[in-house]
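Heads up, final34.cif below (mmCIF, N, CA and C atoms):
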```cif
data_data
loop_
_atom_site.label_atom_id
_atom_site.label_comp_id
_atom_site.auth_asym_id
_atom_site.auth_seq_id
_atom_site.Cartn_x
_atom_site.Cartn_y
_atom_site.Cartn_z
N MET V 208 -1.86 -22.49 -15.69
CA MET V 208 -1.49 -21.53 -14.68
C MET V 208 -0.72 -22.24 -13.59
N LYS V 209 0.35 -21.66 -13.19
CA LYS V 209 1.22 -22.22 -12.17
C LYS V 209 0.73 -21.83 -10.78
N GLN V 210 0.94 -22.68 -9.80
CA GLN V 210 0.58 -22.41 -8.41
C GLN V 210 1.86 -22.12 -7.62
N LEU V 211 1.85 -21.03 -6.85
CA LEU V 211 2.98 -20.70 -5.99
C LEU V 211 2.51 -20.60 -4.56
N GLU V 212 3.25 -21.20 -3.65
CA GLU V 212 2.97 -21.04 -2.23
C GLU V 212 3.84 -19.91 -1.72
N VAL V 213 3.20 -18.92 -1.12
CA VAL V 213 3.92 -17.76 -0.61
C VAL V 213 3.54 -17.54 0.85
N GLN V 214 4.28 -16.68 1.50
CA GLN V 214 4.01 -16.37 2.90
C GLN V 214 3.91 -14.85 3.05
N ILE V 215 2.81 -14.41 3.65
CA ILE V 215 2.61 -13.00 3.93
C ILE V 215 2.31 -12.87 5.42
N MET V 216 3.12 -12.12 6.09
CA MET V 216 3.01 -11.89 7.53
C MET V 216 2.88 -13.21 8.30
N GLY V 217 3.70 -14.18 7.88
CA GLY V 217 3.76 -15.45 8.58
C GLY V 217 2.68 -16.45 8.22
N GLN V 218 1.78 -16.11 7.32
CA GLN V 218 0.71 -17.02 6.93
C GLN V 218 0.91 -17.46 5.49
N ASN V 219 0.71 -18.76 5.23
CA ASN V 219 0.90 -19.31 3.89
C ASN V 219 -0.32 -19.11 3.02
N TYR V 220 -0.08 -18.83 1.75
CA TYR V 220 -1.13 -18.66 0.75
C TYR V 220 -0.70 -19.39 -0.52
N MET V 221 -1.66 -20.03 -1.19
CA MET V 221 -1.42 -20.66 -2.48
C MET V 221 -2.03 -19.73 -3.53
N LEU V 222 -1.19 -19.23 -4.42
CA LEU V 222 -1.64 -18.26 -5.42
C LEU V 222 -1.46 -18.80 -6.82
N GLY V 223 -2.42 -18.52 -7.68
CA GLY V 223 -2.30 -18.83 -9.09
C GLY V 223 -1.43 -17.78 -9.76
N CYS V 224 -0.58 -18.21 -10.67
CA CYS V 224 0.35 -17.30 -11.31
C CYS V 224 0.48 -17.65 -12.78
N PRO V 225 0.25 -16.66 -13.66
CA PRO V 225 0.45 -16.93 -15.09
C PRO V 225 1.90 -17.36 -15.37
N GLU V 226 2.07 -18.16 -16.39
CA GLU V 226 3.42 -18.61 -16.76
C GLU V 226 4.33 -17.39 -17.00
N ASN V 227 5.57 -17.53 -16.60
CA ASN V 227 6.60 -16.51 -16.78
C ASN V 227 6.33 -15.22 -16.01
N SER V 228 5.51 -15.28 -14.96
CA SER V 228 5.22 -14.10 -14.15
C SER V 228 5.60 -14.31 -12.69
N GLU V 229 6.35 -15.37 -12.41
CA GLU V 229 6.67 -15.70 -11.03
C GLU V 229 7.44 -14.57 -10.33
N ILE V 230 8.42 -14.00 -11.02
CA ILE V 230 9.24 -12.96 -10.39
C ILE V 230 8.39 -11.76 -10.03
N ARG V 231 7.50 -11.35 -10.93
CA ARG V 231 6.63 -10.21 -10.65
C ARG V 231 5.70 -10.49 -9.48
N LEU V 232 5.14 -11.70 -9.44
CA LEU V 232 4.25 -12.06 -8.33
C LEU V 232 5.02 -12.07 -7.02
N LEU V 233 6.22 -12.63 -7.02
CA LEU V 233 7.01 -12.67 -5.79
C LEU V 233 7.41 -11.26 -5.33
N GLU V 234 7.66 -10.37 -6.28
CA GLU V 234 7.94 -8.97 -5.91
C GLU V 234 6.70 -8.33 -5.28
N ALA V 235 5.52 -8.63 -5.82
CA ALA V 235 4.27 -8.10 -5.26
C ALA V 235 4.05 -8.65 -3.85
N VAL V 236 4.29 -9.95 -3.67
CA VAL V 236 4.15 -10.57 -2.36
C VAL V 236 5.10 -9.91 -1.37
N HIS V 237 6.32 -9.67 -1.78
CA HIS V 237 7.30 -9.02 -0.90
C HIS V 237 6.84 -7.62 -0.51
N THR V 238 6.29 -6.88 -1.48
CA THR V 238 5.82 -5.53 -1.22
C THR V 238 4.67 -5.54 -0.21
N VAL V 239 3.71 -6.43 -0.40
CA VAL V 239 2.57 -6.52 0.51
C VAL V 239 3.02 -6.99 1.89
N ASP V 240 3.88 -8.00 1.94
CA ASP V 240 4.38 -8.50 3.21
C ASP V 240 5.13 -7.40 3.97
N SER V 241 5.97 -6.65 3.28
CA SER V 241 6.72 -5.57 3.93
C SER V 241 5.78 -4.50 4.48
N ALA V 242 4.78 -4.12 3.68
CA ALA V 242 3.83 -3.10 4.11
C ALA V 242 3.05 -3.56 5.33
N MET V 243 2.60 -4.81 5.33
CA MET V 243 1.82 -5.32 6.45
C MET V 243 2.68 -5.47 7.70
N CYS V 244 3.89 -5.97 7.55
CA CYS V 244 4.78 -6.14 8.70
C CYS V 244 5.15 -4.79 9.31
N LYS V 245 5.33 -3.79 8.47
CA LYS V 245 5.66 -2.45 8.97
C LYS V 245 4.53 -1.92 9.85
N ILE V 246 3.28 -2.09 9.41
CA ILE V 246 2.14 -1.64 10.20
C ILE V 246 2.04 -2.46 11.49
N ARG V 247 2.18 -3.78 11.38
CA ARG V 247 2.11 -4.64 12.57
C ARG V 247 3.19 -4.27 13.57
N ASP V 248 4.41 -4.05 13.07
CA ASP V 248 5.53 -3.76 13.96
C ASP V 248 5.44 -2.39 14.62
N ALA V 249 4.64 -1.48 14.04
CA ALA V 249 4.42 -0.18 14.67
C ALA V 249 3.64 -0.35 15.96
N GLY V 250 2.91 -1.48 16.10
CA GLY V 250 2.26 -1.83 17.34
C GLY V 250 0.90 -1.21 17.59
N LYS V 251 0.41 -0.38 16.69
CA LYS V 251 -0.88 0.28 16.94
C LYS V 251 -2.06 -0.58 16.52
N VAL V 252 -1.87 -1.45 15.54
CA VAL V 252 -2.96 -2.27 15.01
C VAL V 252 -2.54 -3.74 15.13
N LYS V 253 -3.43 -4.55 15.66
CA LYS V 253 -3.12 -5.97 15.86
C LYS V 253 -3.90 -6.89 14.94
N ALA V 254 -5.12 -6.54 14.57
CA ALA V 254 -5.97 -7.42 13.77
C ALA V 254 -5.45 -7.50 12.34
N ARG V 255 -5.30 -8.73 11.86
CA ARG V 255 -4.74 -8.97 10.53
C ARG V 255 -5.57 -8.29 9.44
N ASP V 256 -6.90 -8.31 9.56
CA ASP V 256 -7.72 -7.69 8.52
C ASP V 256 -7.54 -6.18 8.49
N ARG V 257 -7.40 -5.56 9.63
CA ARG V 257 -7.17 -4.11 9.68
C ARG V 257 -5.79 -3.76 9.12
N ILE V 258 -4.81 -4.59 9.44
CA ILE V 258 -3.46 -4.38 8.90
C ILE V 258 -3.51 -4.48 7.37
N ALA V 259 -4.25 -5.46 6.85
CA ALA V 259 -4.35 -5.63 5.41
C ALA V 259 -5.01 -4.43 4.74
N VAL V 260 -6.07 -3.89 5.37
CA VAL V 260 -6.75 -2.73 4.80
C VAL V 260 -5.81 -1.52 4.80
N LEU V 261 -5.12 -1.28 5.90
CA LEU V 261 -4.19 -0.15 5.95
C LEU V 261 -3.07 -0.30 4.93
N ALA V 262 -2.53 -1.51 4.81
CA ALA V 262 -1.47 -1.74 3.83
C ALA V 262 -1.98 -1.50 2.42
N ALA V 263 -3.19 -1.99 2.12
CA ALA V 263 -3.77 -1.78 0.79
C ALA V 263 -3.96 -0.30 0.50
N LEU V 264 -4.47 0.44 1.48
CA LEU V 264 -4.66 1.88 1.29
C LEU V 264 -3.34 2.60 1.08
N ASN V 265 -2.34 2.25 1.87
CA ASN V 265 -1.03 2.88 1.73
C ASN V 265 -0.42 2.59 0.36
N LEU V 266 -0.53 1.34 -0.09
CA LEU V 266 0.02 0.99 -1.40
C LEU V 266 -0.75 1.67 -2.53
N ALA V 267 -2.08 1.75 -2.40
CA ALA V 267 -2.87 2.44 -3.42
C ALA V 267 -2.52 3.92 -3.46
N TYR V 268 -2.33 4.51 -2.30
CA TYR V 268 -1.95 5.92 -2.23
C TYR V 268 -0.62 6.15 -2.94
N GLN V 269 0.34 5.26 -2.69
CA GLN V 269 1.64 5.38 -3.35
C GLN V 269 1.52 5.25 -4.86
N LEU V 270 0.67 4.34 -5.31
CA LEU V 270 0.47 4.15 -6.75
C LEU V 270 -0.18 5.36 -7.40
N LEU V 271 -1.05 6.04 -6.66
CA LEU V 271 -1.78 7.18 -7.20
C LEU V 271 -1.01 8.49 -7.12
N GLU V 272 0.10 8.50 -6.39
CA GLU V 272 0.90 9.71 -6.31
C GLU V 272 1.47 10.02 -7.69
N PRO V 273 1.38 11.28 -8.09
CA PRO V 273 1.94 11.61 -9.41
C PRO V 273 3.46 11.47 -9.39
N ALA V 274 3.99 11.07 -10.53
CA ALA V 274 5.45 10.97 -10.66
C ALA V 274 6.03 12.37 -10.60
N PRO V 275 7.20 12.52 -9.99
CA PRO V 275 7.81 13.85 -9.94
C PRO V 275 8.11 14.36 -11.34
N ALA V 276 7.79 15.61 -11.56
CA ALA V 276 8.04 16.22 -12.87
C ALA V 276 9.52 16.49 -13.03
N PRO V 277 10.04 16.36 -14.25
CA PRO V 277 11.46 16.67 -14.45
C PRO V 277 11.70 18.16 -14.20
N ALA V 278 12.88 18.48 -13.74
CA ALA V 278 13.23 19.88 -13.46
C ALA V 278 13.21 20.67 -14.76
N PRO V 279 12.67 21.90 -14.72
CA PRO V 279 12.64 22.70 -15.94
C PRO V 279 14.04 23.13 -16.35
N ALA V 280 14.21 23.34 -17.63
CA ALA V 280 15.50 23.84 -18.12
C ALA V 280 15.72 25.24 -17.53
N PRO V 281 16.96 25.64 -17.32
CA PRO V 281 17.23 26.93 -16.66
C PRO V 281 16.54 28.12 -17.34
N GLU V 282 16.35 28.09 -18.65
CA GLU V 282 15.73 29.22 -19.34
C GLU V 282 14.22 29.22 -19.24
N GLN V 283 13.61 28.15 -18.66
CA GLN V 283 12.16 28.06 -18.54
C GLN V 283 11.73 28.33 -17.11
N ALA V 284 10.61 28.99 -16.96
CA ALA V 284 10.04 29.20 -15.63
C ALA V 284 9.19 27.98 -15.29
N PRO V 285 9.20 27.52 -14.04
CA PRO V 285 8.37 26.38 -13.68
C PRO V 285 6.89 26.74 -13.78
N ASP V 286 6.06 25.76 -14.14
CA ASP V 286 4.62 25.97 -14.22
C ASP V 286 4.06 26.15 -12.82
N ALA V 287 2.92 26.82 -12.73
CA ALA V 287 2.22 26.96 -11.45
C ALA V 287 1.68 25.60 -11.06
N PRO V 288 1.73 25.25 -9.77
CA PRO V 288 1.21 23.93 -9.36
C PRO V 288 -0.28 23.84 -9.64
N ASP V 289 -0.73 22.67 -9.96
CA ASP V 289 -2.13 22.41 -10.22
C ASP V 289 -2.86 22.38 -8.88
N ALA V 290 -3.64 23.42 -8.59
CA ALA V 290 -4.31 23.55 -7.30
C ALA V 290 -5.31 22.42 -7.05
N ALA V 291 -6.03 21.99 -8.09
CA ALA V 291 -7.00 20.91 -7.92
C ALA V 291 -6.31 19.62 -7.54
N SER V 292 -5.17 19.33 -8.16
CA SER V 292 -4.43 18.13 -7.84
C SER V 292 -3.90 18.17 -6.41
N GLU V 293 -3.38 19.31 -6.00
CA GLU V 293 -2.88 19.45 -4.63
C GLU V 293 -4.01 19.28 -3.62
N ALA V 294 -5.19 19.84 -3.94
CA ALA V 294 -6.34 19.70 -3.04
C ALA V 294 -6.76 18.24 -2.93
N SER V 295 -6.76 17.53 -4.05
CA SER V 295 -7.12 16.11 -4.04
C SER V 295 -6.13 15.31 -3.21
N GLN V 296 -4.86 15.60 -3.37
CA GLN V 296 -3.83 14.90 -2.59
C GLN V 296 -4.00 15.17 -1.11
N ALA V 297 -4.31 16.42 -0.75
CA ALA V 297 -4.51 16.78 0.65
C ALA V 297 -5.72 16.05 1.22
N GLN V 298 -6.80 15.97 0.44
CA GLN V 298 -8.00 15.26 0.89
C GLN V 298 -7.72 13.78 1.08
N LEU V 299 -6.98 13.18 0.15
CA LEU V 299 -6.65 11.76 0.26
C LEU V 299 -5.78 11.51 1.49
N LYS V 300 -4.82 12.38 1.71
CA LYS V 300 -3.94 12.22 2.89
C LYS V 300 -4.75 12.33 4.18
N ALA V 301 -5.66 13.30 4.24
CA ALA V 301 -6.51 13.47 5.42
C ALA V 301 -7.39 12.24 5.64
N LEU V 302 -7.94 11.69 4.55
CA LEU V 302 -8.76 10.50 4.64
C LEU V 302 -7.95 9.31 5.16
N LEU V 303 -6.75 9.14 4.65
CA LEU V 303 -5.90 8.03 5.11
C LEU V 303 -5.56 8.18 6.58
N GLU V 304 -5.30 9.40 7.03
CA GLU V 304 -5.01 9.63 8.45
C GLU V 304 -6.23 9.30 9.31
N ARG V 305 -7.42 9.68 8.84
CA ARG V 305 -8.65 9.36 9.57
C ARG V 305 -8.86 7.85 9.63
N LEU V 306 -8.60 7.15 8.51
CA LEU V 306 -8.73 5.69 8.51
C LEU V 306 -7.73 5.05 9.46
N ASP V 307 -6.48 5.54 9.44
CA ASP V 307 -5.47 5.01 10.35
C ASP V 307 -5.94 5.15 11.79
N THR V 308 -6.47 6.32 12.13
CA THR V 308 -6.94 6.58 13.50
C THR V 308 -8.12 5.69 13.84
N ALA V 309 -9.09 5.60 12.93
CA ALA V 309 -10.28 4.79 13.18
C ALA V 309 -9.94 3.31 13.33
N LEU V 310 -9.06 2.82 12.48
CA LEU V 310 -8.70 1.41 12.54
C LEU V 310 -7.81 1.09 13.73
N ALA V 311 -7.10 2.08 14.24
CA ALA V 311 -6.22 1.85 15.38
C ALA V 311 -6.99 1.87 16.69
N SER V 312 -8.16 2.52 16.72
CA SER V 312 -8.92 2.61 17.96
C SER V 312 -9.63 1.29 18.22
N PRO V 313 -9.80 0.94 19.51
CA PRO V 313 -10.47 -0.32 19.82
C PRO V 313 -11.92 -0.28 19.33
N ASN V 314 -12.36 -1.40 18.82
CA ASN V 314 -13.72 -1.50 18.31
C ASN V 314 -14.50 -2.42 19.24
N PRO V 315 -15.49 -1.88 19.99
CA PRO V 315 -16.21 -2.72 20.96
C PRO V 315 -17.00 -3.84 20.31
N ALA V 316 -17.28 -3.76 19.02
CA ALA V 316 -18.06 -4.81 18.35
C ALA V 316 -17.24 -6.07 18.11
N HIS V 317 -15.90 -5.97 18.16
CA HIS V 317 -15.04 -7.13 17.86
C HIS V 317 -14.42 -7.66 19.11
#
```
As structure tokens, the full file:
Amino acid sequence: MKQLEVQIMGQNYMLGCPENSEIRLLEAVHTVDSAMCKIRDAGKVKARDRIAVLAALNLAYQLLEPAPAPAPAPEQAPDAPDAASEASQAQLKALLERLDTALASPNPAH
């Protein structure tokens, strides 16, 4: 296994990387770094661990979003939206907003 030194939000990390997977790992590092820097630069959250949690949640949310369905052929009527899926998406979005708010508020314990 190869070792790569990478930088995320200005901090160095040594990561193990399977052979021939360096490009994929570096793309993942870039994605995480971009997500964390975006949250940090918004100025609402300062703690690195909170930024990491928010970035992880945002990236997981993006991964779980369903791929857009192809447009129906003109002779076909579009299917009715899946109400359960829409409700789940709405609940997840509400949860993420609550987490953003909770993590952005000052925590007297820290």
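Atom to atom, atom CA of Val236 of chain V and atom CA of Pro273 of chain V stand 23.4 Å apart.
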Nearby residues (all atoms listed in the file) at most 6 Å from segment 262-270 of chain V, same-chain spacing under 3 positions excluded, as an mmCIF file with N, CA and C atoms, in the coordinates of the input:
```cif
data_model
loop_
_atom_site.group_PDB
_atom_site.id
_atom_site.type_symbol
_atom_site.label_atom_id
_atom_site.label_comp_id
_atom_site.auth_asym_id
_atom_site.auth_seq_id
_atom_site.Cartn_x
_atom_site.Cartn_y
_atom_site.Cartn_z
ATOM 1 N N ALA V 242 4.780 -4.120 3.680
ATOM 2 C CA ALA V 242 3.830 -3.100 4.110
ATOM 3 C C ALA V 242 3.050 -3.560 5.330
ATOM 4 N N MET V 243 2.600 -4.810 5.330
ATOM 5 C CA MET V 243 1.820 -5.320 6.450
ATOM 6 C C MET V 243 2.680 -5.470 7.700
ATOM 7 N N ARG V 257 -7.400 -5.560 9.630
ATOM 8 C CA ARG V 257 -7.170 -4.110 9.680
ATOM 9 C C ARG V 257 -5.790 -3.760 9.120
ATOM 10 N N ILE V 258 -4.810 -4.590 9.440
ATOM 11 C CA ILE V 258 -3.460 -4.380 8.900
ATOM 12 C C ILE V 258 -3.510 -4.480 7.370
ATOM 13 N N ALA V 259 -4.250 -5.460 6.850
ATOM 14 C CA ALA V 259 -4.350 -5.630 5.410
ATOM 15 C C ALA V 259 -5.010 -4.430 4.740
#
```
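Atom CA of Glu304 of chain V lies 16.5 Å from atom CA of Arg247 of chain V.
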- Task: Could you tell me which residues the PyMOL selection byres (((chain V and resi 225 and name CA) around 9) and name CA) grabs in this file, written as a PyMOL selection string?
- Result: chain V and resi 208-210+223-224+226-229
Mind rebuilding segment 249-260 of chain V with all heavy atoms and writing that out as a JSON list (two decimals), keeping the file's coordinate frame?
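Saved file result.json follows:
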```
[["chain", "number", "residue", "atom", "x", "y", "z"],
["V", 249, "ALA", "N", 4.64, -1.48, 14.04],
["V", 249, "ALA", "CA", 4.42, -0.18, 14.67],
["V", 249, "ALA", "C", 3.64, -0.35, 15.96],
["V", 249, "ALA", "O", 3.70, 0.51, 16.84],
["V", 249, "ALA", "CB", 3.70, 0.76, 13.72],
["V", 250, "GLY", "N", 2.91, -1.48, 16.10],
["V", 250, "GLY", "CA", 2.26, -1.83, 17.34],
["V", 250, "GLY", "C", 0.90, -1.21, 17.59],
["V", 250, "GLY", "O", 0.29, -1.50, 18.61],
["V", 251, "LYS", "N", 0.41, -0.38, 16.69],
["V", 251, "LYS", "CA", -0.88, 0.28, 16.94],
["V", 251, "LYS", "C", -2.06, -0.58, 16.52],
["V", 251, "LYS", "O", -3.15, -0.45, 17.06],
["V", 251, "LYS", "CB", -0.94, 1.61, 16.18],
["V", 251, "LYS", "CG", 0.05, 2.64, 16.70],
["V", 251, "LYS", "CD", -0.08, 3.92, 15.93],
["V", 251, "LYS", "CE", 0.94, 4.93, 16.43],
["V", 251, "LYS", "NZ", 0.86, 6.19, 15.69],
["V", 252, "VAL", "N", -1.87, -1.45, 15.54],
["V", 252, "VAL", "CA", -2.96, -2.27, 15.01],
["V", 252, "VAL", "C", -2.54, -3.74, 15.13],
["V", 252, "VAL", "O", -1.44, -4.10, 14.75],
["V", 252, "VAL", "CB", -3.25, -1.92, 13.53],
["V", 252, "VAL", "CG1", -4.42, -2.73, 13.00],
["V", 252, "VAL", "CG2", -3.52, -0.43, 13.37],
["V", 253, "LYS", "N", -3.43, -4.55, 15.66],
["V", 253, "LYS", "CA", -3.12, -5.97, 15.86],
["V", 253, "LYS", "C", -3.90, -6.89, 14.94],
["V", 253, "LYS", "O", -3.43, -7.96, 14.56],
["V", 253, "LYS", "CB", -3.39, -6.37, 17.31],
["V", 253, "LYS", "CG", -2.55, -5.63, 18.32],
["V", 253, "LYS", "CD", -1.10, -5.99, 18.19],
["V", 253, "LYS", "CE", -0.29, -5.26, 19.26],
["V", 253, "LYS", "NZ", 1.10, -5.21, 18.94],
["V", 254, "ALA", "N", -5.12, -6.54, 14.57],
["V", 254, "ALA", "CA", -5.97, -7.42, 13.77],
["V", 254, "ALA", "C", -5.45, -7.50, 12.34],
["V", 254, "ALA", "O", -5.20, -6.49, 11.69],
["V", 254, "ALA", "CB", -7.41, -6.92, 13.78],
["V", 255, "ARG", "N", -5.30, -8.73, 11.86],
["V", 255, "ARG", "CA", -4.74, -8.97, 10.53],
["V", 255, "ARG", "C", -5.57, -8.29, 9.44],
["V", 255, "ARG", "O", -5.02, -7.72, 8.50],
["V", 255, "ARG", "CB", -4.66, -10.47, 10.27],
["V", 255, "ARG", "CG", -4.04, -10.85, 8.95],
["V", 255, "ARG", "CD", -3.99, -12.35, 8.77],
["V", 255, "ARG", "NE", -3.12, -13.00, 9.73],
["V", 255, "ARG", "CZ", -1.81, -13.15, 9.59],
["V", 255, "ARG", "NH1", -1.22, -12.71, 8.52],
["V", 255, "ARG", "NH2", -1.09, -13.75, 10.51],
["V", 256, "ASP", "N", -6.90, -8.31, 9.56],
["V", 256, "ASP", "CA", -7.72, -7.69, 8.52],
["V", 256, "ASP", "C", -7.54, -6.18, 8.49],
["V", 256, "ASP", "O", -7.49, -5.57, 7.43],
["V", 256, "ASP", "CB", -9.20, -8.07, 8.67],
["V", 256, "ASP", "CG", -9.80, -7.65, 10.00],
["V", 256, "ASP", "OD1", -9.04, -7.47, 10.98],
["V", 256, "ASP", "OD2", -11.04, -7.53, 10.07],
["V", 257, "ARG", "N", -7.40, -5.56, 9.63],
["V", 257, "ARG", "CA", -7.17, -4.11, 9.68],
["V", 257, "ARG", "C", -5.79, -3.76, 9.12],
["V", 257, "ARG", "O", -5.63, -2.77, 8.42],
["V", 257, "ARG", "CB", -7.30, -3.60, 11.11],
["V", 257, "ARG", "CG", -8.73, -3.65, 11.59],
["V", 257, "ARG", "CD", -8.83, -3.24, 13.05],
["V", 257, "ARG", "NE", -10.21, -3.33, 13.47],
["V", 257, "ARG", "CZ", -10.89, -2.33, 13.99],
["V", 257, "ARG", "NH1", -10.32, -1.17, 14.18],
["V", 257, "ARG", "NH2", -12.14, -2.50, 14.35],
["V", 258, "ILE", "N", -4.81, -4.59, 9.44],
["V", 258, "ILE", "CA", -3.46, -4.38, 8.90],
["V", 258, "ILE", "C", -3.51, -4.48, 7.37],
["V", 258, "ILE", "O", -2.91, -3.67, 6.67],
["V", 258, "ILE", "CB", -2.48, -5.40, 9.49],
["V", 258, "ILE", "CG1", -2.25, -5.09, 10.98],
["V", 258, "ILE", "CG2", -1.16, -5.41, 8.73],
["V", 258, "ILE", "CD1", -1.47, -6.16, 11.73],
["V", 259, "ALA", "N", -4.25, -5.46, 6.85],
["V", 259, "ALA", "CA", -4.35, -5.63, 5.41],
["V", 259, "ALA", "C", -5.01, -4.43, 4.74],
["V", 259, "ALA", "O", -4.56, -3.95, 3.70],
["V", 259, "ALA", "CB", -5.13, -6.92, 5.08],
["V", 260, "VAL", "N", -6.07, -3.89, 5.37],
["V", 260, "VAL", "CA", -6.75, -2.73, 4.80],
["V", 260, "VAL", "C", -5.81, -1.52, 4.80],
["V", 260, "VAL", "O", -5.70, -0.81, 3.79],
["V", 260, "VAL", "CB", -8.05, -2.41, 5.58],
["V", 260, "VAL", "CG1", -8.61, -1.05, 5.20],
["V", 260, "VAL", "CG2", -9.09, -3.50, 5.33]]
```
